[in-house]
$ cat query14.pdb   # PDB, C-alpha atoms
ATOM      1  CA  MET A   1     129.178 215.745 328.451
ATOM      2  CA  GLN A   2     130.039 217.975 331.405
ATOM      3  CA  LYS A   3     133.090 218.165 333.599
ATOM      4  CA  LYS A   4     132.921 219.078 337.263
ATOM      5  CA  ASN A   5     133.568 222.711 337.926
ATOM      6  CA  PRO A   6     137.280 223.254 338.494
ATOM      7  CA  ALA A   7     138.595 225.504 341.231
ATOM      8  CA  LYS A   8     137.594 229.113 340.779
ATOM      9  CA  ARG A   9     140.146 231.384 339.124
ATOM     10  CA  ARG A  10     140.245 235.064 338.325
ATOM     11  CA  PRO A  11     137.624 235.565 335.564
ATOM     12  CA  GLU A  12     139.852 238.182 333.938
ATOM     13  CA  ARG A  13     142.683 235.673 333.497
ATOM     14  CA  LEU A  14     140.292 233.174 331.907
ATOM     15  CA  VAL A  15     139.287 235.748 329.337
ATOM     16  CA  VAL A  16     142.782 236.954 328.593
ATOM     17  CA  THR A  17     144.303 233.477 328.308
ATOM     18  CA  LEU A  18     141.690 232.172 325.897
ATOM     19  CA  LEU A  19     141.815 235.406 323.924
ATOM     20  CA  SER A  20     145.538 234.958 323.328
ATOM     21  CA  LEU A  21     145.307 231.275 322.405
ATOM     22  CA  LEU A  22     142.553 231.453 319.820
ATOM     23  CA  PHE A  23     143.699 234.324 317.604
ATOM     24  CA  LEU A  24     142.458 237.082 319.906
ATOM     25  CA  SER A  25     138.894 236.028 319.307
ATOM     26  CA  THR A  26     137.426 233.495 321.707
ATOM     27  CA  ALA A  27     137.374 235.453 324.970
ATOM     28  CA  VAL A  28     134.167 236.412 326.733
ATOM     29  CA  PHE A  29     133.521 238.046 330.065
ATOM     30  CA  ALA A  30     133.506 235.169 332.557
ATOM     31  CA  THR A  31     131.662 235.950 335.777
ATOM     32  CA  VAL A  32     130.522 233.634 338.535
ATOM     33  CA  LYS A  33     127.025 233.408 337.068
ATOM     34  CA  TYR A  34     128.364 231.378 334.129
ATOM     35  CA  VAL A  35     128.678 227.602 334.457
ATOM     36  CA  PHE A  36     131.959 225.949 333.540
ATOM     37  CA  ARG A  37     130.821 223.564 330.827
ATOM     38  CA  ALA A  38     132.850 221.302 328.566
ATOM     39  CA  PRO A  39     131.740 221.583 324.916
ATOM     40  CA  GLU A  40     129.371 218.857 323.762
ATOM     41  CA  LEU A  41     130.065 217.159 320.445
ATOM     42  CA  ASP A  42     126.674 217.651 318.814
ATOM     43  CA  THR A  43     127.076 218.000 315.061
ATOM     44  CA  ASP A  44     123.335 218.419 314.449
ATOM     45  CA  LYS A  45     123.028 221.674 316.362
ATOM     46  CA  PRO A  46     122.616 224.968 314.477
ATOM     47  CA  VAL A  47     125.431 227.465 314.464
ATOM     48  CA  VAL A  48     124.826 230.175 317.051
ATOM     49  CA  THR A  49     126.397 233.576 317.479
ATOM     50  CA  PRO A  50     127.745 234.759 320.844
ATOM     51  CA  ASP A  51     124.453 236.466 321.698
ATOM     52  CA  GLY A  52     122.770 233.056 321.575
ATOM     53  CA  THR A  53     120.792 233.507 318.371
ATOM     54  CA  ALA A  54     120.841 230.782 315.745
ATOM     55  CA  SER A  55     122.163 231.594 312.294
ATOM     56  CA  ALA A  56     119.672 230.754 309.554
ATOM     57  CA  ASP A  57     122.162 230.874 306.701
ATOM     58  CA  VAL A  58     124.749 228.506 308.185
ATOM     59  CA  ASP A  59     124.072 225.221 309.876
ATOM     60  CA  ARG A  60     126.052 222.089 310.615
ATOM     61  CA  THR A  61     123.414 219.469 309.817
ATOM     62  CA  ASP A  62     125.255 218.260 306.728
ATOM     63  CA  THR A  63     128.798 218.550 308.082
ATOM     64  CA  ASP A  64     128.887 215.595 310.433
ATOM     65  CA  GLU A  65     132.201 214.086 311.440
ATOM     66  CA  PRO A  66     134.021 212.072 308.781
ATOM     67  CA  ASP A  67     133.218 208.369 308.847
ATOM     68  CA  ALA A  68     135.508 206.743 311.380
ATOM     69  CA  PRO A  69     134.553 203.072 311.701
ATOM     70  CA  GLY A  70     136.270 201.387 314.625
ATOM     71  CA  ARG A  71     137.578 204.661 316.053
ATOM     72  CA  THR A  72     136.820 206.199 319.416
ATOM     73  CA  ARG A  73     137.060 209.864 320.374
ATOM     74  CA  ARG A  74     139.308 210.951 323.217
ATOM     75  CA  GLU A  75     137.292 212.618 325.942
ATOM     76  CA  TYR A  76     137.710 216.389 326.248
ATOM     77  CA  CYS A  77     139.656 216.637 323.006
ATOM     78  CA  TYR A  78     138.302 219.171 320.490
ATOM     79  CA  ASN A  79     139.202 220.647 317.112
ATOM     80  CA  ILE A  80     138.295 224.334 316.786
ATOM     81  CA  LEU A  81     138.638 226.248 313.511
ATOM     82  CA  VAL A  82     139.761 229.850 314.020
ATOM     83  CA  SER A  83     139.365 232.010 310.906
ATOM     84  CA  GLY A  84     140.354 235.580 310.183
ATOM     85  CA  LEU A  85     138.034 236.947 307.508
ATOM     86  CA  ASP A  86     139.182 239.182 304.677
ATOM     87  CA  ASP A  87     136.573 241.950 304.586
ATOM     88  CA  ASP A  88     137.552 243.095 301.112
ATOM     89  CA  ASN A  89     137.731 239.826 299.192
ATOM     90  CA  GLY A  90     135.091 237.751 300.958
ATOM     91  CA  GLY A  91     137.427 234.884 301.855
ATOM     92  CA  SER A  92     138.971 233.494 305.017
ATOM     93  CA  ASP A  93     142.431 235.009 304.779
ATOM     94  CA  THR A  94     143.776 233.130 307.801
ATOM     95  CA  ASN A  95     142.715 229.685 309.008
ATOM     96  CA  ILE A  96     144.126 227.916 312.037
ATOM     97  CA  LEU A  97     142.861 224.540 313.222
ATOM     98  CA  VAL A  98     143.318 224.276 316.976
ATOM     99  CA  ARG A  99     143.302 220.948 318.801
ATOM    100  CA  PHE A 100     142.470 221.418 322.447
ATOM    101  CA  ASP A 101     143.650 218.176 324.079
ATOM    102  CA  VAL A 102     142.834 218.493 327.759
ATOM    103  CA  PRO A 103     143.762 214.956 328.955
ATOM    104  CA  ASN A 104     147.232 215.249 327.413
ATOM    105  CA  LYS A 105     147.584 218.901 328.487
ATOM    106  CA  ARG A 106     148.448 220.084 325.009
ATOM    107  CA  ILE A 107     147.188 222.740 322.601
ATOM    108  CA  ASP A 108     148.197 222.525 318.928
ATOM    109  CA  LEU A 109     147.635 225.306 316.415
ATOM    110  CA  VAL A 110     148.077 224.212 312.791
ATOM    111  CA  SER A 111     148.012 226.925 310.131
ATOM    112  CA  LEU A 112     146.260 226.027 306.876
ATOM    113  CA  PRO A 113     147.786 227.950 303.925
ATOM    114  CA  ARG A 114     145.113 229.953 302.082
ATOM    115  CA  ASP A 115     146.092 228.446 298.694
ATOM    116  CA  THR A 116     145.988 224.820 299.906
ATOM    117  CA  LEU A 117     144.792 222.590 297.045
ATOM    118  CA  LEU A 118     141.428 220.944 297.692
ATOM    119  CA  HIS A 119     139.741 218.082 295.900
ATOM    120  CA  ASN A 120     136.306 219.560 295.179
ATOM    121  CA  GLU A 121     133.771 220.046 292.402
ATOM    122  CA  TYR A 122     134.345 223.782 292.016
ATOM    123  CA  ARG A 123     136.431 225.612 289.443
ATOM    124  CA  ASN A 124     138.463 227.172 292.247
ATOM    125  CA  ASN A 125     140.252 224.498 294.258
ATOM    126  CA  LYS A 126     141.869 226.745 296.869
ATOM    127  CA  LEU A 127     141.028 226.602 300.554
ATOM    128  CA  ASN A 128     140.491 230.374 300.681
ATOM    129  CA  PHE A 129     137.679 230.014 298.152
ATOM    130  CA  ALA A 130     135.646 227.686 300.369
ATOM    131  CA  TYR A 131     134.487 230.429 302.725
ATOM    132  CA  ALA A 132     133.740 232.810 299.853
ATOM    133  CA  LYS A 133     131.643 230.106 298.186
ATOM    134  CA  GLY A 134     129.749 228.641 301.128
ATOM    135  CA  GLY A 135     130.727 230.392 304.346
ATOM    136  CA  THR A 136     131.732 228.630 307.536
ATOM    137  CA  GLU A 137     129.687 225.532 306.721
ATOM    138  CA  LEU A 138     131.519 224.774 303.481
ATOM    139  CA  LEU A 139     134.911 225.746 304.879
ATOM    140  CA  MET A 140     134.561 223.337 307.791
ATOM    141  CA  SER A 141     133.327 220.469 305.640
ATOM    142  CA  GLN A 142     136.131 220.980 303.104
ATOM    143  CA  ILE A 143     138.753 220.858 305.870
ATOM    144  CA  GLU A 144     137.148 217.744 307.331
ATOM    145  CA  ASN A 145     137.236 216.064 303.922
ATOM    146  CA  LEU A 146     140.836 217.131 303.287
ATOM    147  CA  LEU A 147     142.329 216.034 306.607
ATOM    148  CA  GLY A 148     139.965 213.289 307.751
ATOM    149  CA  VAL A 149     139.378 214.838 311.161
ATOM    150  CA  PRO A 150     136.227 216.426 312.588
ATOM    151  CA  VAL A 151     136.051 220.186 312.965
ATOM    152  CA  ASP A 152     133.943 220.427 316.102
ATOM    153  CA  PHE A 153     133.539 224.176 316.545
ATOM    154  CA  TYR A 154     134.419 227.441 314.859
ATOM    155  CA  VAL A 155     135.446 230.981 315.756
ATOM    156  CA  THR A 156     135.605 233.780 313.177
ATOM    157  CA  VAL A 157     136.791 237.372 313.510
ATOM    158  CA  ASN A 158     137.022 240.009 310.770
ATOM    159  CA  LEU A 159     139.744 242.585 310.201
ATOM    160  CA  LYS A 160     137.919 245.337 312.066
ATOM    161  CA  GLY A 161     137.574 243.083 315.090
ATOM    162  CA  PHE A 162     141.252 242.163 314.982
ATOM    163  CA  ILE A 163     142.259 245.838 314.888
ATOM    164  CA  ALA A 164     139.884 246.737 317.726
ATOM    165  CA  LEU A 165     141.106 243.876 319.912
ATOM    166  CA  VAL A 166     144.777 244.792 319.526
ATOM    167  CA  ASP A 167     144.036 248.453 320.223
ATOM    168  CA  GLN A 168     142.041 247.534 323.311
ATOM    169  CA  ILE A 169     145.057 245.773 324.855
ATOM    170  CA  ASP A 170     147.169 248.873 324.095
ATOM    171  CA  GLY A 171     149.041 247.276 321.213
ATOM    172  CA  VAL A 172     151.665 244.534 321.035
ATOM    173  CA  ASP A 173     155.461 244.579 321.158
ATOM    174  CA  PHE A 174     156.669 242.642 318.111
ATOM    175  CA  ASP A 175     159.932 242.045 316.251
ATOM    176  CA  ILE A 176     159.092 242.595 312.554
ATOM    177  CA  PRO A 177     161.076 239.915 310.662
ATOM    178  CA  ILE A 178     161.791 241.762 307.372
ATOM    179  CA  ASN A 179     161.482 245.148 305.710
ATOM    180  CA  MET A 180     157.961 245.581 304.347
ATOM    181  CA  ASP A 181     157.100 247.872 301.431
ATOM    182  CA  TYR A 182     153.745 247.150 299.795
ATOM    183  CA  ASP A 183     150.831 249.157 298.394
ATOM    184  CA  ASP A 184     147.416 247.962 297.219
ATOM    185  CA  PRO A 185     145.310 251.018 296.274
ATOM    186  CA  TYR A 186     142.289 248.846 295.490
ATOM    187  CA  GLN A 187     142.068 247.758 299.140
ATOM    188  CA  ASP A 188     143.544 251.007 300.460
ATOM    189  CA  LEU A 189     146.230 248.807 302.026
ATOM    190  CA  HIS A 190     149.662 250.347 302.511
ATOM    191  CA  ILE A 191     152.317 248.417 304.445
ATOM    192  CA  HIS A 192     155.621 250.145 305.177
ATOM    193  CA  PHE A 193     157.793 248.912 308.044
ATOM    194  CA  THR A 194     161.489 248.537 308.776
ATOM    195  CA  LYS A 195     162.756 245.239 310.158
ATOM    196  CA  GLY A 196     163.157 245.176 313.923
ATOM    197  CA  PRO A 197     161.331 245.596 317.247
ATOM    198  CA  ARG A 198     158.295 247.869 317.292
ATOM    199  CA  HIS A 199     155.182 248.502 319.322
ATOM    200  CA  LEU A 200     152.258 247.873 316.974
ATOM    201  CA  ASN A 201     148.793 249.330 317.284
ATOM    202  CA  GLY A 202     145.796 247.513 315.820
ATOM    203  CA  GLN A 203     146.070 248.901 312.292
ATOM    204  CA  GLU A 204     149.814 248.295 312.171
ATOM    205  CA  ALA A 205     149.439 244.758 313.506
ATOM    206  CA  MET A 206     146.833 244.002 310.836
ATOM    207  CA  GLU A 207     149.195 245.267 308.138
ATOM    208  CA  VAL A 208     152.146 243.229 309.430
ATOM    209  CA  VAL A 209     150.243 239.934 309.668
ATOM    210  CA  ARG A 210     148.693 240.434 306.194
ATOM    211  CA  PHE A 211     151.988 241.242 304.424
ATOM    212  CA  ARG A 212     152.999 238.724 301.731
ATOM    213  CA  HIS A 213     155.560 240.478 299.494
ATOM    214  CA  ASN A 214     156.995 243.870 298.552
ATOM    215  CA  ASN A 215     155.988 245.968 295.555
ATOM    216  CA  ASP A 216     159.033 244.697 293.652
ATOM    217  CA  GLY A 217     158.236 241.040 294.390
ATOM    218  CA  THR A 218     160.853 240.558 297.094
ATOM    219  CA  GLY A 219     160.024 239.657 300.664
ATOM    220  CA  TYR A 220     159.654 236.317 302.361
ATOM    221  CA  GLY A 221     160.328 234.389 299.176
ATOM    222  CA  THR A 222     157.591 231.965 300.171
ATOM    223  CA  GLU A 223     154.765 234.524 300.494
ATOM    224  CA  ASP A 224     151.992 232.695 302.367
ATOM    225  CA  ILE A 225     154.336 230.393 304.287
ATOM    226  CA  GLY A 226     156.443 233.370 305.313
ATOM    227  CA  ARG A 227     153.326 235.231 306.345
ATOM    228  CA  ILE A 228     152.116 232.262 308.381
ATOM    229  CA  GLY A 229     155.426 232.259 310.252
ATOM    230  CA  THR A 230     154.922 235.948 311.090
ATOM    231  CA  GLN A 231     151.332 235.309 312.198
ATOM    232  CA  GLN A 232     152.432 232.501 314.495
ATOM    233  CA  ALA A 233     155.219 234.646 315.970
ATOM    234  CA  PHE A 234     152.715 237.453 316.514
ATOM    235  CA  LEU A 235     150.353 235.103 318.360
ATOM    236  CA  LYS A 236     153.197 234.004 320.621
ATOM    237  CA  ALA A 237     154.022 237.645 321.362
ATOM    238  CA  VAL A 238     150.372 238.357 322.179
ATOM    239  CA  ALA A 239     150.110 235.316 324.453
ATOM    240  CA  LYS A 240     153.287 236.312 326.302
ATOM    241  CA  GLN A 241     152.133 239.897 326.748
ATOM    242  CA  LEU A 242     148.631 239.054 327.901
ATOM    243  CA  LEU A 243     149.741 236.397 330.360
ATOM    244  CA  GLN A 244     152.006 238.974 331.995
ATOM    245  CA  ILE A 245     149.088 241.325 332.643
ATOM    246  CA  GLY A 246     148.220 241.077 336.303
ATOM    247  CA  ASN A 247     145.295 243.465 336.470
ATOM    248  CA  VAL A 248     143.200 243.764 333.353
ATOM    249  CA  LYS A 249     141.075 246.908 333.481
ATOM    250  CA  ASN A 250     139.500 246.744 330.033
ATOM    251  CA  ILE A 251     137.609 243.440 330.179
ATOM    252  CA  PRO A 252     134.135 245.012 329.591
ATOM    253  CA  ALA A 253     135.449 246.722 326.450
ATOM    254  CA  LEU A 254     136.949 243.428 325.234
ATOM    255  CA  VAL A 255     133.568 241.798 325.744
ATOM    256  CA  ASP A 256     131.848 244.477 323.685
ATOM    257  CA  ILE A 257     134.349 243.947 320.873
ATOM    258  CA  PHE A 258     133.863 240.200 321.106
ATOM    259  CA  TYR A 259     130.090 240.422 320.753
ATOM    260  CA  THR A 260     130.393 242.927 317.904
ATOM    261  CA  TYR A 261     132.961 241.216 315.708
ATOM    262  CA  VAL A 262     133.242 237.532 316.688
ATOM    263  CA  LYS A 263     130.977 234.642 315.711
ATOM    264  CA  THR A 264     131.224 231.183 317.241
ATOM    265  CA  ASP A 265     129.138 228.126 318.024
ATOM    266  CA  LEU A 266     130.827 227.754 321.419
ATOM    267  CA  THR A 267     128.660 228.891 324.313
ATOM    268  CA  THR A 268     129.807 231.276 327.019
ATOM    269  CA  GLY A 269     130.053 228.347 329.427
ATOM    270  CA  ASN A 270     132.198 226.455 326.898
ATOM    271  CA  LEU A 271     134.545 229.414 326.540
ATOM    272  CA  VAL A 272     134.931 229.781 330.287
ATOM    273  CA  TRP A 273     135.694 226.063 330.611
ATOM    274  CA  LEU A 274     138.250 226.196 327.788
ATOM    275  CA  GLY A 275     139.880 229.260 329.324
ATOM    276  CA  ASN A 276     140.262 227.525 332.655
ATOM    277  CA  GLU A 277     141.751 224.455 330.998
ATOM    278  CA  ALA A 278     144.129 226.685 329.019
ATOM    279  CA  LEU A 279     145.458 228.082 332.281
ATOM    280  CA  ASN A 280     146.062 224.546 333.518
ATOM    281  CA  ILE A 281     147.815 223.552 330.290
ATOM    282  CA  GLY A 282     150.168 226.550 330.237
ATOM    283  CA  THR A 283     151.976 228.312 327.403
ATOM    284  CA  GLU A 284     154.866 225.834 327.425
ATOM    285  CA  ASN A 285     152.490 223.199 326.048
ATOM    286  CA  ILE A 286     151.227 225.302 323.122
ATOM    287  CA  HIS A 287     152.640 224.106 319.790
ATOM    288  CA  PHE A 288     152.510 225.771 316.354
ATOM    289  CA  ALA A 289     152.783 224.029 312.975
ATOM    290  CA  THR A 290     151.860 224.526 309.318
ATOM    291  CA  LEU A 291     150.491 221.985 306.865
ATOM    292  CA  PRO A 292     153.593 220.805 304.958
ATOM    293  CA  GLY A 293     153.701 221.269 301.208
ATOM    294  CA  ASP A 294     154.945 223.212 298.187
ATOM    295  CA  GLY A 295     153.602 226.614 297.212
ATOM    296  CA  SER A 296     155.022 226.550 293.693
ATOM    297  CA  GLY A 297     152.475 224.081 292.289
ATOM    298  CA  TYR A 298     149.784 224.636 289.652
ATOM    299  CA  TYR A 299     146.370 223.055 289.158
ATOM    300  CA  ASN A 300     143.659 224.094 286.675
ATOM    301  CA  LYS A 301     145.901 227.006 285.676
ATOM    302  CA  GLN A 302     145.959 228.235 289.285
ATOM    303  CA  SER A 303     148.915 228.718 291.576
ATOM    304  CA  VAL A 304     148.251 226.418 294.535
ATOM    305  CA  TYR A 305     149.868 225.044 297.680
ATOM    306  CA  VAL A 306     150.183 221.285 297.160
ATOM    307  CA  LEU A 307     150.342 219.276 300.360
ATOM    308  CA  ASP A 308     153.002 216.671 301.026
ATOM    309  CA  ALA A 309     150.593 213.786 301.598
ATOM    310  CA  GLN A 310     152.626 211.613 303.962
ATOM    311  CA  ALA A 311     154.049 214.529 305.929
ATOM    312  CA  THR A 312     150.523 215.929 306.274
ATOM    313  CA  CYS A 313     149.236 212.593 307.520
ATOM    314  CA  ASP A 314     152.035 212.469 310.102
ATOM    315  CA  LEU A 315     151.273 216.012 311.278
ATOM    316  CA  VAL A 316     147.540 215.333 311.515
ATOM    317  CA  ASN A 317     148.191 212.334 313.744
ATOM    318  CA  GLU A 318     150.570 214.334 315.907
ATOM    319  CA  ALA A 319     148.624 217.571 316.220
ATOM    320  CA  LEU A 320     144.991 217.232 315.052
ATOM    321  CA  ASN A 321     143.792 213.647 315.483
ATOM    322  CA  PRO A 322     141.145 213.499 318.253
ATOM    323  CA  TYR A 323     140.832 209.705 318.052
ATOM    324  CA  ASN A 324     142.577 207.036 320.074
ATOM    325  CA  GLU A 325     143.501 205.311 316.806
ATOM    326  CA  ALA A 326     145.870 206.607 314.120
ATOM    327  CA  LEU A 327     144.578 207.977 310.811
ATOM    328  CA  THR A 328     145.950 206.909 307.431
ATOM    329  CA  LEU A 329     146.100 208.510 303.987
ATOM    330  CA  GLU A 330     142.975 206.543 303.089
ATOM    331  CA  ASP A 331     141.073 208.611 305.637
ATOM    332  CA  MET A 332     142.092 211.857 303.915
ATOM    333  CA  ASP A 333     141.429 213.352 300.504
ATOM    334  CA  ILE A 334     144.732 215.011 299.591
ATOM    335  CA  LEU A 335     144.985 215.910 295.916
ATOM    336  CA  VAL A 336     148.495 215.708 294.458
ATOM    337  CA  PRO A 337     148.571 216.782 290.752
TER     338      PRO A 337
END

$ encode --input "query14.pdb" --output "structure tokens"
Amino acid sequence: MQKKNPAKRRPERLVVTLLSLLFLSTAVFATVKYVFRAPELDTDKPVVTPDGTASADVDRTDTDEPDAPGRTRREYCYNILVSGLDDDNGGSDTNILVRFDVPNKRIDLVSLPRDTLLHNEYRNNKLNFAYAKGGTELLMSQIENLLGVPVDFYVTVNLKGFIALVDQIDGVDFDIPINMDYDDPYQDLHIHFTKGPRHLNGQEAMEVVRFRHNNDGTGYGTEDIGRIGTQQAFLKAVAKQLLQIGNVKNIPALVDIFYTYVKTDLTTGNLVWLGNEALNIGTENIHFATLPGDGSGYYNKQSVYVLDAQATCDLVNEALNPYNEALTLEDMDILVP
């Protein structure tokens, strides 16, 4: 599946726009030698890293799309999983499922709480455990099973990459929502900020988006849901800042960071095509949401985030369904204790 090459645009803007939309991680250096190519929905292909090499330890051969009898895919509509990896604990600390709906000129980013309850055969039923247990392959298949939608592609970036990317764009202006006072000596993580506007460098930005609660237990009150709200607000601030940059002088450095820290099964041509389409869609058509549920639940003696089944189904149809037909609860596997 390939779309005709759209009108040429500044390569720098393609990179910057896509970088801001997909958690500062999906930009590559787009030059005229690259072909604008719409991603092809081939679930049997091996996962490849940005340098074009196939990954032997992760492949998609057993993570085909969920069965969807009688359903048809919308053309140029893709679900891309963007994950921020926790270097210290081996899990995916942040997961955002992005639906790129080109025909409807809409981009939806749905945050998946790290403690979301999954119906699986493992002792640990939390979403965050899926990556630690089986990497990108298992994480994608678990999300597909949970929500009944295909996860077509993935992008992952670790904490070091996040810090380097923010530093390379000279930091981000951000309004910190609450006072933050937290210390974790085991991870050498110390978060101390006063509520209000501040210019954050990479390390500071990482600390702010990872914050869950203070040392005394106060904070958001909802921990992960509060943190997700801060992450989404930070992404909006990044998108606004980057789209205002007229002349980007550090694109080669961004590319180096991308190749060092980011893994994806999207090709360079795919990324260029997505970046161009993102420019056409515009920031006013970017929508953020979070899977609805309750973070005070327990399952197998674990504190979990239990999804509201019907509200989740409604959100999936609004923001993640790539089919022409609506999905129902029967298409999903939402565990409610």

$ atom_distance --input "query14.pdb" --atom1 "atom CA of Pro177 of chain A" --atom2 "atom CA of Glu207 of chain A"
13.3 Å

$ closest_residue --input "query14.pdb" --among "A:Phe129, A:Glu40, A:Ile257, A:Leu266" --to "Val157 of chain A" --atoms "only C-alpha atoms"
A:Ile257

$ closest_residue --input "query14.pdb" --among "A:Cys77, A:Leu200, A:Leu291, A:Leu159" --to "Tyr261 of chain A" --atoms "all atoms listed in the file"
A:Leu159

$ resolve_selection --input "query14.pdb" --expression "the PyMOL selection byres ((chain A and resi 139) around 12)" --output "short mmCIF file (atom, residue, chain, number, x, y, z; two decimals) with C-alpha atoms, in the coordinates of the input"
data_model
loop_
_atom_site.label_atom_id
_atom_site.label_comp_id
_atom_site.auth_asym_id
_atom_site.auth_seq_id
_atom_site.Cartn_x
_atom_site.Cartn_y
_atom_site.Cartn_z
CA VAL A 58 124.75 228.51 308.18
CA ASP A 59 124.07 225.22 309.88
CA ARG A 60 126.05 222.09 310.62
CA THR A 63 128.80 218.55 308.08
CA LEU A 81 138.64 226.25 313.51
CA VAL A 82 139.76 229.85 314.02
CA SER A 83 139.36 232.01 310.91
CA LEU A 85 138.03 236.95 307.51
CA GLY A 91 137.43 234.88 301.86
CA SER A 92 138.97 233.49 305.02
CA ASP A 93 142.43 235.01 304.78
CA THR A 94 143.78 233.13 307.80
CA ASN A 95 142.72 229.68 309.01
CA ILE A 96 144.13 227.92 312.04
CA LEU A 97 142.86 224.54 313.22
CA LEU A 112 146.26 226.03 306.88
CA ARG A 114 145.11 229.95 302.08
CA LEU A 118 141.43 220.94 297.69
CA ASN A 120 136.31 219.56 295.18
CA ASN A 125 140.25 224.50 294.26
CA LYS A 126 141.87 226.74 296.87
CA LEU A 127 141.03 226.60 300.55
CA ASN A 128 140.49 230.37 300.68
CA PHE A 129 137.68 230.01 298.15
CA ALA A 130 135.65 227.69 300.37
CA TYR A 131 134.49 230.43 302.73
CA ALA A 132 133.74 232.81 299.85
CA LYS A 133 131.64 230.11 298.19
CA GLY A 134 129.75 228.64 301.13
CA GLY A 135 130.73 230.39 304.35
CA THR A 136 131.73 228.63 307.54
CA GLU A 137 129.69 225.53 306.72
CA LEU A 138 131.52 224.77 303.48
CA MET A 140 134.56 223.34 307.79
CA SER A 141 133.33 220.47 305.64
CA GLN A 142 136.13 220.98 303.10
CA ILE A 143 138.75 220.86 305.87
CA GLU A 144 137.15 217.74 307.33
CA ASN A 145 137.24 216.06 303.92
CA LEU A 146 140.84 217.13 303.29
CA VAL A 151 136.05 220.19 312.96
CA PHE A 153 133.54 224.18 316.54
CA TYR A 154 134.42 227.44 314.86
CA THR A 156 135.60 233.78 313.18
#

$ resolve_selection --input "query14.pdb" --expression "the PyMOL selection byres ((chain A and resi 226) around 12)" --output "VMD selection string"
chain A and resid 111 113 177 to 178 208 to 213 218 to 225 227 to 233 290 295

$ resolve_selection --input "query14.pdb" --expression "the PyMOL selection byres ((chain A and resi 160) around 12)" --output "ChimeraX atom specification"
/A:25,84-88,156-159,161-167,202-203,205-207,257-258,260-262

$ atom_distance --input "query14.pdb" --atom1 "atom CA of Gly70 of chain A" --atom2 "atom CA of Trp273 of chain A"
29.4 Å

$ axis_aligned_box --input "query14.pdb" --around "segment 170-177 of chain A" --padding-each-side "5 Å" --output "JSON"
{"center_x": 154.1, "center_y": 244.4, "center_z": 317.4, "size_x": 23.9, "size_y": 19.0, "size_z": 23.4}

$ closest_residue --input "query14.pdb" --among "A:Leu109, A:Leu274, A:Leu315, A:Ile334" --to "Lys236 of chain A" --atoms "all atoms listed in the file"
A:Leu109

$ closest_residue --input "query14.pdb" --among "A:Asn215, A:Asn201, A:Gln168, A:Asn79" --to "Asp184 of chain A" --atoms "all atoms listed in the file"
A:Asn215
